[in-house]
>>> print(open('coords28.csv').read())   # CSV, N, CA and C atoms
chain,number,residue,atom,x,y,z
A,54,MET,N,5.9,8.3,5.6
A,54,MET,CA,5.9,7.6,6.9
A,54,MET,C,6.1,6.1,6.6
A,55,ASP,N,7.1,5.6,7.3
A,55,ASP,CA,7.4,4.1,7.2
A,55,ASP,C,6.3,3.4,8.0
A,56,THR,N,5.8,2.3,7.4
A,56,THR,CA,4.9,1.4,8.1
A,56,THR,C,5.4,0.0,8.0
A,57,ILE,N,4.7,-0.9,8.7
A,57,ILE,CA,5.0,-2.3,8.6
A,57,ILE,C,4.9,-2.9,7.2
A,58,LEU,N,4.1,-2.2,6.4
A,58,LEU,CA,4.0,-2.6,5.0
A,58,LEU,C,5.2,-2.5,4.1
A,59,ASP,N,6.1,-1.6,4.5
A,59,ASP,CA,7.3,-1.3,3.7
A,59,ASP,C,8.2,-2.6,3.6
A,60,PRO,N,8.6,-3.3,4.6
A,60,PRO,CA,9.4,-4.5,4.4
A,60,PRO,C,8.6,-5.6,3.7
A,61,ILE,N,7.3,-5.6,3.9
A,61,ILE,CA,6.4,-6.6,3.2
A,61,ILE,C,6.4,-6.3,1.7
A,62,THR,N,6.3,-5.1,1.3
A,62,THR,CA,6.3,-4.7,-0.1
A,62,THR,C,7.7,-5.0,-0.7
A,63,GLU,N,8.7,-4.7,0.0
A,63,GLU,CA,10.1,-5.0,-0.5
A,63,GLU,C,10.2,-6.5,-0.7
A,64,LEU,N,9.7,-7.4,0.2
A,64,LEU,CA,9.8,-8.8,0.0
A,64,LEU,C,8.9,-9.2,-1.2
A,65,GLN,N,7.7,-8.6,-1.3
A,65,GLN,CA,6.9,-8.9,-2.5
A,65,GLN,C,7.6,-8.6,-3.8
A,66,ASP,N,8.3,-7.4,-3.8
A,66,ASP,CA,9.0,-7.0,-5.0
A,66,ASP,C,10.1,-8.1,-5.4
A,67,LYS,N,10.8,-8.6,-4.3
A,67,LYS,CA,11.8,-9.6,-4.6
A,67,LYS,C,11.2,-10.9,-5.1
A,68,VAL,N,10.1,-11.3,-4.6
A,68,VAL,CA,9.4,-12.5,-5.1
A,68,VAL,C,9.1,-12.3,-6.6
A,69,ILE,N,8.5,-11.1,-6.9
A,69,ILE,CA,8.1,-10.9,-8.3
A,69,ILE,C,9.4,-10.9,-9.2
A,70,GLU,N,10.5,-10.2,-8.8
A,70,GLU,CA,11.7,-10.2,-9.5
A,70,GLU,C,12.3,-11.6,-9.7
A,71,THR,N,12.2,-12.5,-8.7
A,71,THR,CA,12.6,-13.9,-8.8
A,71,THR,C,11.8,-14.6,-9.8
A,72,ILE,N,10.5,-14.5,-9.8
A,72,ILE,CA,9.6,-15.2,-10.7
A,72,ILE,C,9.9,-14.7,-12.2
A,73,GLU,N,10.1,-13.4,-12.3
A,73,GLU,CA,10.4,-12.8,-13.7
A,73,GLU,C,11.7,-13.3,-14.2
A,74,GLY,N,12.7,-13.5,-13.3
A,74,GLY,CA,14.0,-14.0,-13.6
A,74,GLY,C,14.0,-15.4,-14.0
A,75,LEU,N,12.9,-16.2,-13.8
A,75,LEU,CA,12.8,-17.6,-14.1
A,75,LEU,C,12.4,-17.8,-15.6
A,76,LYS,N,11.9,-16.8,-16.2
A,76,LYS,CA,11.3,-16.9,-17.6
A,76,LYS,C,12.4,-17.5,-18.6
A,77,LYS,N,13.5,-16.9,-18.6
A,77,LYS,CA,14.5,-17.3,-19.6
A,77,LYS,C,15.0,-18.7,-19.3
A,78,PRO,N,15.5,-19.0,-18.1
A,78,PRO,CA,16.0,-20.4,-17.8
A,78,PRO,C,14.9,-21.5,-18.0
A,79,VAL,N,13.7,-21.2,-17.6
A,79,VAL,CA,12.6,-22.2,-17.7
A,79,VAL,C,12.3,-22.4,-19.2
A,80,SER,N,12.2,-21.3,-20.0
A,80,SER,CA,11.9,-21.5,-21.4
A,80,SER,C,13.1,-22.2,-22.1
A,81,SER,N,14.3,-21.9,-21.7
A,81,SER,CA,15.4,-22.6,-22.3
A,81,SER,C,15.4,-24.1,-22.0
A,82,ALA,N,15.1,-24.4,-20.7
A,82,ALA,CA,15.1,-25.9,-20.4
A,82,ALA,C,14.0,-26.6,-21.1
A,83,VAL,N,12.8,-26.0,-21.3
A,83,VAL,CA,11.7,-26.6,-22.0
A,83,VAL,C,12.1,-26.8,-23.5
A,84,ALA,N,12.7,-25.8,-24.1
A,84,ALA,CA,13.2,-25.9,-25.4
A,84,ALA,C,14.2,-27.0,-25.6
A,85,ASP,N,15.1,-27.2,-24.6
A,85,ASP,CA,16.1,-28.3,-24.7
A,85,ASP,C,15.4,-29.6,-24.6
A,86,VAL,N,14.4,-29.8,-23.7
A,86,VAL,CA,13.7,-31.1,-23.6
A,86,VAL,C,12.9,-31.4,-24.9
A,87,VAL,N,12.3,-30.4,-25.4
A,87,VAL,CA,11.5,-30.6,-26.7
A,87,VAL,C,12.4,-31.0,-27.8
A,88,GLU,N,13.6,-30.3,-27.9
A,88,GLU,CA,14.6,-30.6,-29.0
A,88,GLU,C,15.0,-32.1,-28.8
A,89,PHE,N,15.3,-32.5,-27.6
A,89,PHE,CA,15.7,-33.8,-27.3
A,89,PHE,C,14.7,-34.9,-27.7
A,90,VAL,N,13.4,-34.6,-27.4
A,90,VAL,CA,12.4,-35.5,-27.7
A,90,VAL,C,12.2,-35.6,-29.3
A,91,VAL,N,12.1,-34.4,-29.9
A,91,VAL,CA,11.9,-34.3,-31.3
A,91,VAL,C,13.0,-35.0,-32.1
A,92,ASP,N,14.2,-34.9,-31.6
A,92,ASP,CA,15.4,-35.6,-32.3
A,92,ASP,C,15.3,-37.1,-32.2
A,93,ARG,N,14.6,-37.6,-31.1
A,93,ARG,CA,14.7,-39.1,-30.9
A,93,ARG,C,13.3,-39.8,-31.2
A,94,VAL,N,12.3,-39.0,-31.4
A,94,VAL,CA,11.0,-39.7,-31.7
A,94,VAL,C,10.7,-39.3,-33.1
A,95,PRO,N,10.5,-40.3,-34.0
A,95,PRO,CA,10.3,-40.0,-35.4
A,95,PRO,C,9.1,-39.2,-35.7
A,96,GLU,N,8.0,-39.6,-35.1
A,96,GLU,CA,6.7,-38.9,-35.3
A,96,GLU,C,5.9,-39.0,-34.1
A,97,VAL,N,5.3,-37.8,-33.7
A,97,VAL,CA,4.4,-37.8,-32.5
A,97,VAL,C,3.0,-37.8,-33.0
A,98,PRO,N,2.2,-38.8,-32.6
A,98,PRO,CA,0.8,-38.8,-33.1
A,98,PRO,C,0.0,-37.7,-32.4
A,99,ALA,N,-1.0,-37.2,-33.2
A,99,ALA,CA,-2.0,-36.3,-32.6
A,99,ALA,C,-2.8,-37.0,-31.5
A,100,LEU,N,-3.2,-36.2,-30.5
A,100,LEU,CA,-4.0,-36.7,-29.4
A,100,LEU,C,-5.5,-36.9,-29.9
A,101,PRO,N,-6.2,-37.8,-29.3
A,101,PRO,CA,-7.6,-37.9,-29.7
A,101,PRO,C,-8.3,-36.6,-29.3
A,102,TYR,N,-9.2,-36.2,-30.1
A,102,TYR,CA,-10.0,-35.0,-29.9
A,102,TYR,C,-9.1,-33.8,-29.9
A,103,ALA,N,-8.0,-33.8,-30.5
A,103,ALA,CA,-7.0,-32.7,-30.5
A,103,ALA,C,-7.6,-31.4,-30.8
A,104,GLN,N,-8.5,-31.3,-31.8
A,104,GLN,CA,-9.1,-30.1,-32.2
A,104,GLN,C,-9.9,-29.4,-31.1
A,105,LYS,N,-10.4,-30.2,-30.1
A,105,LYS,CA,-11.2,-29.6,-29.0
A,105,LYS,C,-10.3,-29.2,-27.8
A,106,LEU,N,-9.0,-29.6,-27.8
A,106,LEU,CA,-8.1,-29.2,-26.7
A,106,LEU,C,-7.5,-27.9,-26.9
A,107,PRO,N,-7.4,-27.1,-25.9
A,107,PRO,CA,-6.7,-25.8,-26.0
A,107,PRO,C,-5.2,-26.0,-26.1
A,108,THR,N,-4.6,-25.0,-26.8
A,108,THR,CA,-3.1,-25.0,-26.8
A,108,THR,C,-2.6,-24.6,-25.4
A,109,PRO,N,-1.4,-24.9,-25.1
A,109,PRO,CA,-0.9,-24.5,-23.7
A,109,PRO,C,-1.0,-23.0,-23.5
A,110,VAL,N,-0.8,-22.2,-24.6
A,110,VAL,CA,-0.9,-20.7,-24.4
A,110,VAL,C,-2.4,-20.3,-24.2
A,111,GLU,N,-3.3,-20.9,-24.9
A,111,GLU,CA,-4.7,-20.6,-24.6
A,111,GLU,C,-5.1,-21.0,-23.2
A,112,LEU,N,-4.6,-22.1,-22.7
A,112,LEU,CA,-5.0,-22.6,-21.4
A,112,LEU,C,-4.4,-21.6,-20.3
A,113,ILE,N,-3.2,-21.2,-20.5
A,113,ILE,CA,-2.5,-20.3,-19.6
A,113,ILE,C,-3.3,-18.9,-19.6
A,114,ASP,N,-3.6,-18.4,-20.8
A,114,ASP,CA,-4.3,-17.1,-20.9
A,114,ASP,C,-5.7,-17.2,-20.2
A,115,ASN,N,-6.4,-18.4,-20.4
A,115,ASN,CA,-7.7,-18.6,-19.8
A,115,ASN,C,-7.5,-18.6,-18.2
A,116,GLN,N,-6.6,-19.3,-17.7
A,116,GLN,CA,-6.4,-19.4,-16.3
A,116,GLN,C,-5.9,-18.1,-15.7
A,117,ALA,N,-5.1,-17.4,-16.4
A,117,ALA,CA,-4.6,-16.0,-15.9
A,117,ALA,C,-5.8,-15.1,-15.8
A,118,LYS,N,-6.7,-15.1,-16.8
A,118,LYS,CA,-7.9,-14.3,-16.8
A,118,LYS,C,-8.8,-14.6,-15.6
A,119,PHE,N,-9.0,-15.9,-15.4
A,119,PHE,CA,-9.8,-16.4,-14.3
A,119,PHE,C,-9.1,-15.9,-12.9
A,120,ALA,N,-7.8,-16.1,-12.8
A,120,ALA,CA,-7.1,-15.7,-11.6
A,120,ALA,C,-7.3,-14.2,-11.3
A,121,ALA,N,-7.2,-13.4,-12.4
A,121,ALA,CA,-7.4,-11.9,-12.2
A,121,ALA,C,-8.8,-11.6,-11.7
A,122,ARG,N,-9.8,-12.4,-12.2
A,122,ARG,CA,-11.2,-12.2,-11.8
A,122,ARG,C,-11.3,-12.6,-10.3
A,123,VAL,N,-10.7,-13.7,-9.9
A,123,VAL,CA,-10.8,-14.2,-8.5
A,123,VAL,C,-10.1,-13.1,-7.6
A,124,VAL,N,-9.0,-12.6,-8.0
A,124,VAL,CA,-8.3,-11.6,-7.2
A,124,VAL,C,-9.2,-10.3,-7.1
A,125,SER,N,-9.8,-9.9,-8.2
A,125,SER,CA,-10.7,-8.7,-8.1
A,125,SER,C,-11.9,-8.9,-7.2
A,126,SER,N,-12.5,-10.1,-7.4
A,126,SER,CA,-13.7,-10.4,-6.5
A,126,SER,C,-13.3,-10.5,-5.1
A,127,THR,N,-12.2,-11.1,-4.8
A,127,THR,CA,-11.7,-11.3,-3.4
A,127,THR,C,-11.4,-9.9,-2.8
A,128,LYS,N,-10.8,-9.1,-3.6
A,128,LYS,CA,-10.4,-7.7,-3.1
A,128,LYS,C,-11.7,-7.0,-2.8
A,129,SER,N,-12.7,-7.1,-3.6
A,129,SER,CA,-13.9,-6.4,-3.4
A,129,SER,C,-14.6,-6.8,-2.1
A,130,VAL,N,-14.6,-8.1,-1.8
A,130,VAL,CA,-15.2,-8.6,-0.6
A,130,VAL,C,-14.4,-8.2,0.6
A,131,ALA,N,-13.0,-8.3,0.5
A,131,ALA,CA,-12.2,-7.9,1.6
A,131,ALA,C,-12.3,-6.4,1.9
A,132,LYS,N,-12.4,-5.5,0.9
A,132,LYS,CA,-12.5,-4.1,1.1
A,132,LYS,C,-13.9,-3.8,1.7
A,133,GLY,N,-14.9,-4.5,1.3
A,133,GLY,CA,-16.2,-4.3,2.0
A,133,GLY,C,-16.2,-4.6,3.4
A,134,ALA,N,-15.5,-5.7,3.8
A,134,ALA,CA,-15.4,-6.1,5.2
A,134,ALA,C,-14.5,-5.1,5.9
A,135,ALA,N,-13.5,-4.6,5.3
A,135,ALA,CA,-12.6,-3.6,6.0
A,135,ALA,C,-13.4,-2.3,6.2
A,136,LYS,N,-14.2,-1.9,5.2
A,136,LYS,CA,-15.0,-0.7,5.4
A,136,LYS,C,-16.0,-0.9,6.5
A,137,ALA,N,-16.6,-2.1,6.6
A,137,ALA,CA,-17.6,-2.3,7.7
A,137,ALA,C,-16.9,-2.3,9.0
A,138,ALA,N,-15.6,-2.7,9.1
A,138,ALA,CA,-14.9,-2.8,10.3
A,138,ALA,C,-14.3,-1.4,10.7
A,139,ALA,N,-14.3,-0.5,9.8
A,139,ALA,CA,-13.6,0.8,10.0
A,139,ALA,C,-13.9,1.5,11.3
A,140,PRO,N,-15.2,1.5,11.8
A,140,PRO,CA,-15.4,2.2,13.1
A,140,PRO,C,-14.5,1.7,14.2
A,141,LEU,N,-14.3,0.4,14.2
A,141,LEU,CA,-13.4,-0.2,15.2
A,141,LEU,C,-12.0,-0.1,14.9
A,142,THR,N,-11.6,-0.4,13.7
A,142,THR,CA,-10.2,-0.4,13.3
A,142,THR,C,-9.6,1.1,13.3
A,143,ASP,N,-10.5,2.1,13.0
A,143,ASP,CA,-10.0,3.5,13.1
A,143,ASP,C,-9.6,3.8,14.6
A,144,GLN,N,-10.4,3.3,15.5
A,144,GLN,CA,-10.1,3.5,16.9
A,144,GLN,C,-8.8,2.8,17.3
A,145,LEU,N,-8.7,1.5,16.9
A,145,LEU,CA,-7.6,0.7,17.3
A,145,LEU,C,-6.3,1.3,16.7
A,146,LEU,N,-6.4,1.8,15.5
A,146,LEU,CA,-5.2,2.4,14.8
A,146,LEU,C,-5.0,3.9,15.0
A,147,ASP,N,-5.8,4.4,15.9
A,147,ASP,CA,-5.7,5.9,16.2
A,147,ASP,C,-5.8,6.7,15.0
A,148,ARG,N,-6.9,6.5,14.2
A,148,ARG,CA,-7.1,7.2,13.0
A,148,ARG,C,-8.4,8.0,13.1
A,149,PRO,N,-8.5,9.2,12.5
A,149,PRO,CA,-9.7,9.9,12.7
A,149,PRO,C,-10.9,9.2,11.9
A,150,ALA,N,-12.0,9.2,12.5
A,150,ALA,CA,-13.2,8.6,11.8
A,150,ALA,C,-13.6,9.5,10.7
A,151,PRO,N,-14.0,8.8,9.5
A,151,PRO,CA,-14.4,9.6,8.4
A,151,PRO,C,-15.7,10.3,8.7
A,152,ALA,N,-15.9,11.5,8.1
A,152,ALA,CA,-17.2,12.3,8.3
A,152,ALA,C,-18.3,11.4,7.8
A,153,PRO,N,-19.5,11.5,8.5
A,153,PRO,CA,-20.6,10.8,8.1
A,153,PRO,C,-21.1,11.3,6.7
A,154,LYS,N,-21.6,10.4,5.9
A,154,LYS,CA,-22.2,10.8,4.6
A,154,LYS,C,-23.5,11.5,4.8
A,155,ALA,N,-23.8,12.3,3.8
A,155,ALA,CA,-25.0,13.1,3.8
A,155,ALA,C,-26.3,12.2,4.0
A,156,ALA,N,-26.3,11.1,3.4
A,156,ALA,CA,-27.5,10.2,3.5
A,156,ALA,C,-27.7,9.7,4.9
A,157,LYS,N,-26.6,9.4,5.6
A,157,LYS,CA,-26.7,8.9,7.0
A,157,LYS,C,-27.1,10.1,7.9
A,158,ALA,N,-26.6,11.2,7.6
A,158,ALA,CA,-26.9,12.4,8.4
A,158,ALA,C,-28.4,12.8,8.2
A,159,THR,N,-28.8,12.7,7.0
A,159,THR,CA,-30.2,13.0,6.7
A,159,THR,C,-31.2,12.0,7.4
A,160,LYS,N,-30.8,10.8,7.4
A,160,LYS,CA,-31.6,9.7,8.0
A,160,LYS,C,-31.7,10.0,9.5
A,161,LYS,N,-30.6,10.4,10.1
A,161,LYS,CA,-30.6,10.6,11.6
A,161,LYS,C,-31.5,11.8,11.9
A,162,VAL,N,-31.4,12.8,11.1
A,162,VAL,CA,-32.3,14.0,11.3
A,162,VAL,C,-33.7,13.6,11.1
A,163,MET,N,-34.0,12.8,10.1
A,163,MET,CA,-35.4,12.4,9.9
A,163,MET,C,-35.9,11.6,11.1
A,164,GLU,N,-35.1,10.7,11.6
A,164,GLU,CA,-35.5,9.9,12.8
A,164,GLU,C,-35.7,10.8,14.0
A,165,ALA,N,-34.9,11.8,14.2
A,165,ALA,CA,-35.0,12.7,15.3
A,165,ALA,C,-36.3,13.5,15.2
A,166,VAL,N,-36.7,13.9,14.0
A,166,VAL,CA,-37.9,14.7,13.8
A,166,VAL,C,-39.1,13.9,14.1
A,167,ALA,N,-39.1,12.6,13.7
A,167,ALA,CA,-40.3,11.8,13.8
A,167,ALA,C,-40.6,11.4,15.2
>>> encode(input="coords28.csv", output="structure tokens")
Amino acid sequence: MDTILDPITELQDKVIETIEGLKKPVSSAVADVVEFVVDRVPEVPALPYAQKLPTPVELIDNQAKFAARVVSSTKSVAKGAAKAAAPLTDQLLDRPAPAPKAAKATKKVMEAVA
């Protein structure tokens, strides 16, 4: 079944393809700039506290790991909100309501008996 998400997913795929296509030209441009600088600067001094600074790759890996954790946490919060809203959204989207869980059914029976 086609949904409104189909064109959104197609656009998302194109964005990812575009980003992935940038790897080679960006890496090549950075290599060209580094070569230009290295050829013209006799010696580049080390930065103060250089041993305490992360390399660019370490920094990128750290930030990518953090971003993945942020996405995971945000997804968890959003899904919790979506599940809480399900009784209303199921009606609005004309979807069958999920069957009540046994614990809720048992609680209702217990309340009725009391």
>>> atom_distance(input="coords28.csv", atom1="atom C of Lys136 of chain A", atom2="atom C of Pro149 of chain A")
12.5 Å
>>> select_by_dssp(input="coords28.csv", residues="chain A", states="alpha helix (DSSP H)", output="PyMOL selection string")
chain A and resi 58-74+76-93+109-145+155-166
>>> atom_distance(input="coords28.csv", atom1="atom CA of Ile69 of chain A", atom2="atom CA of Ser126 of chain A")
21.9 Å
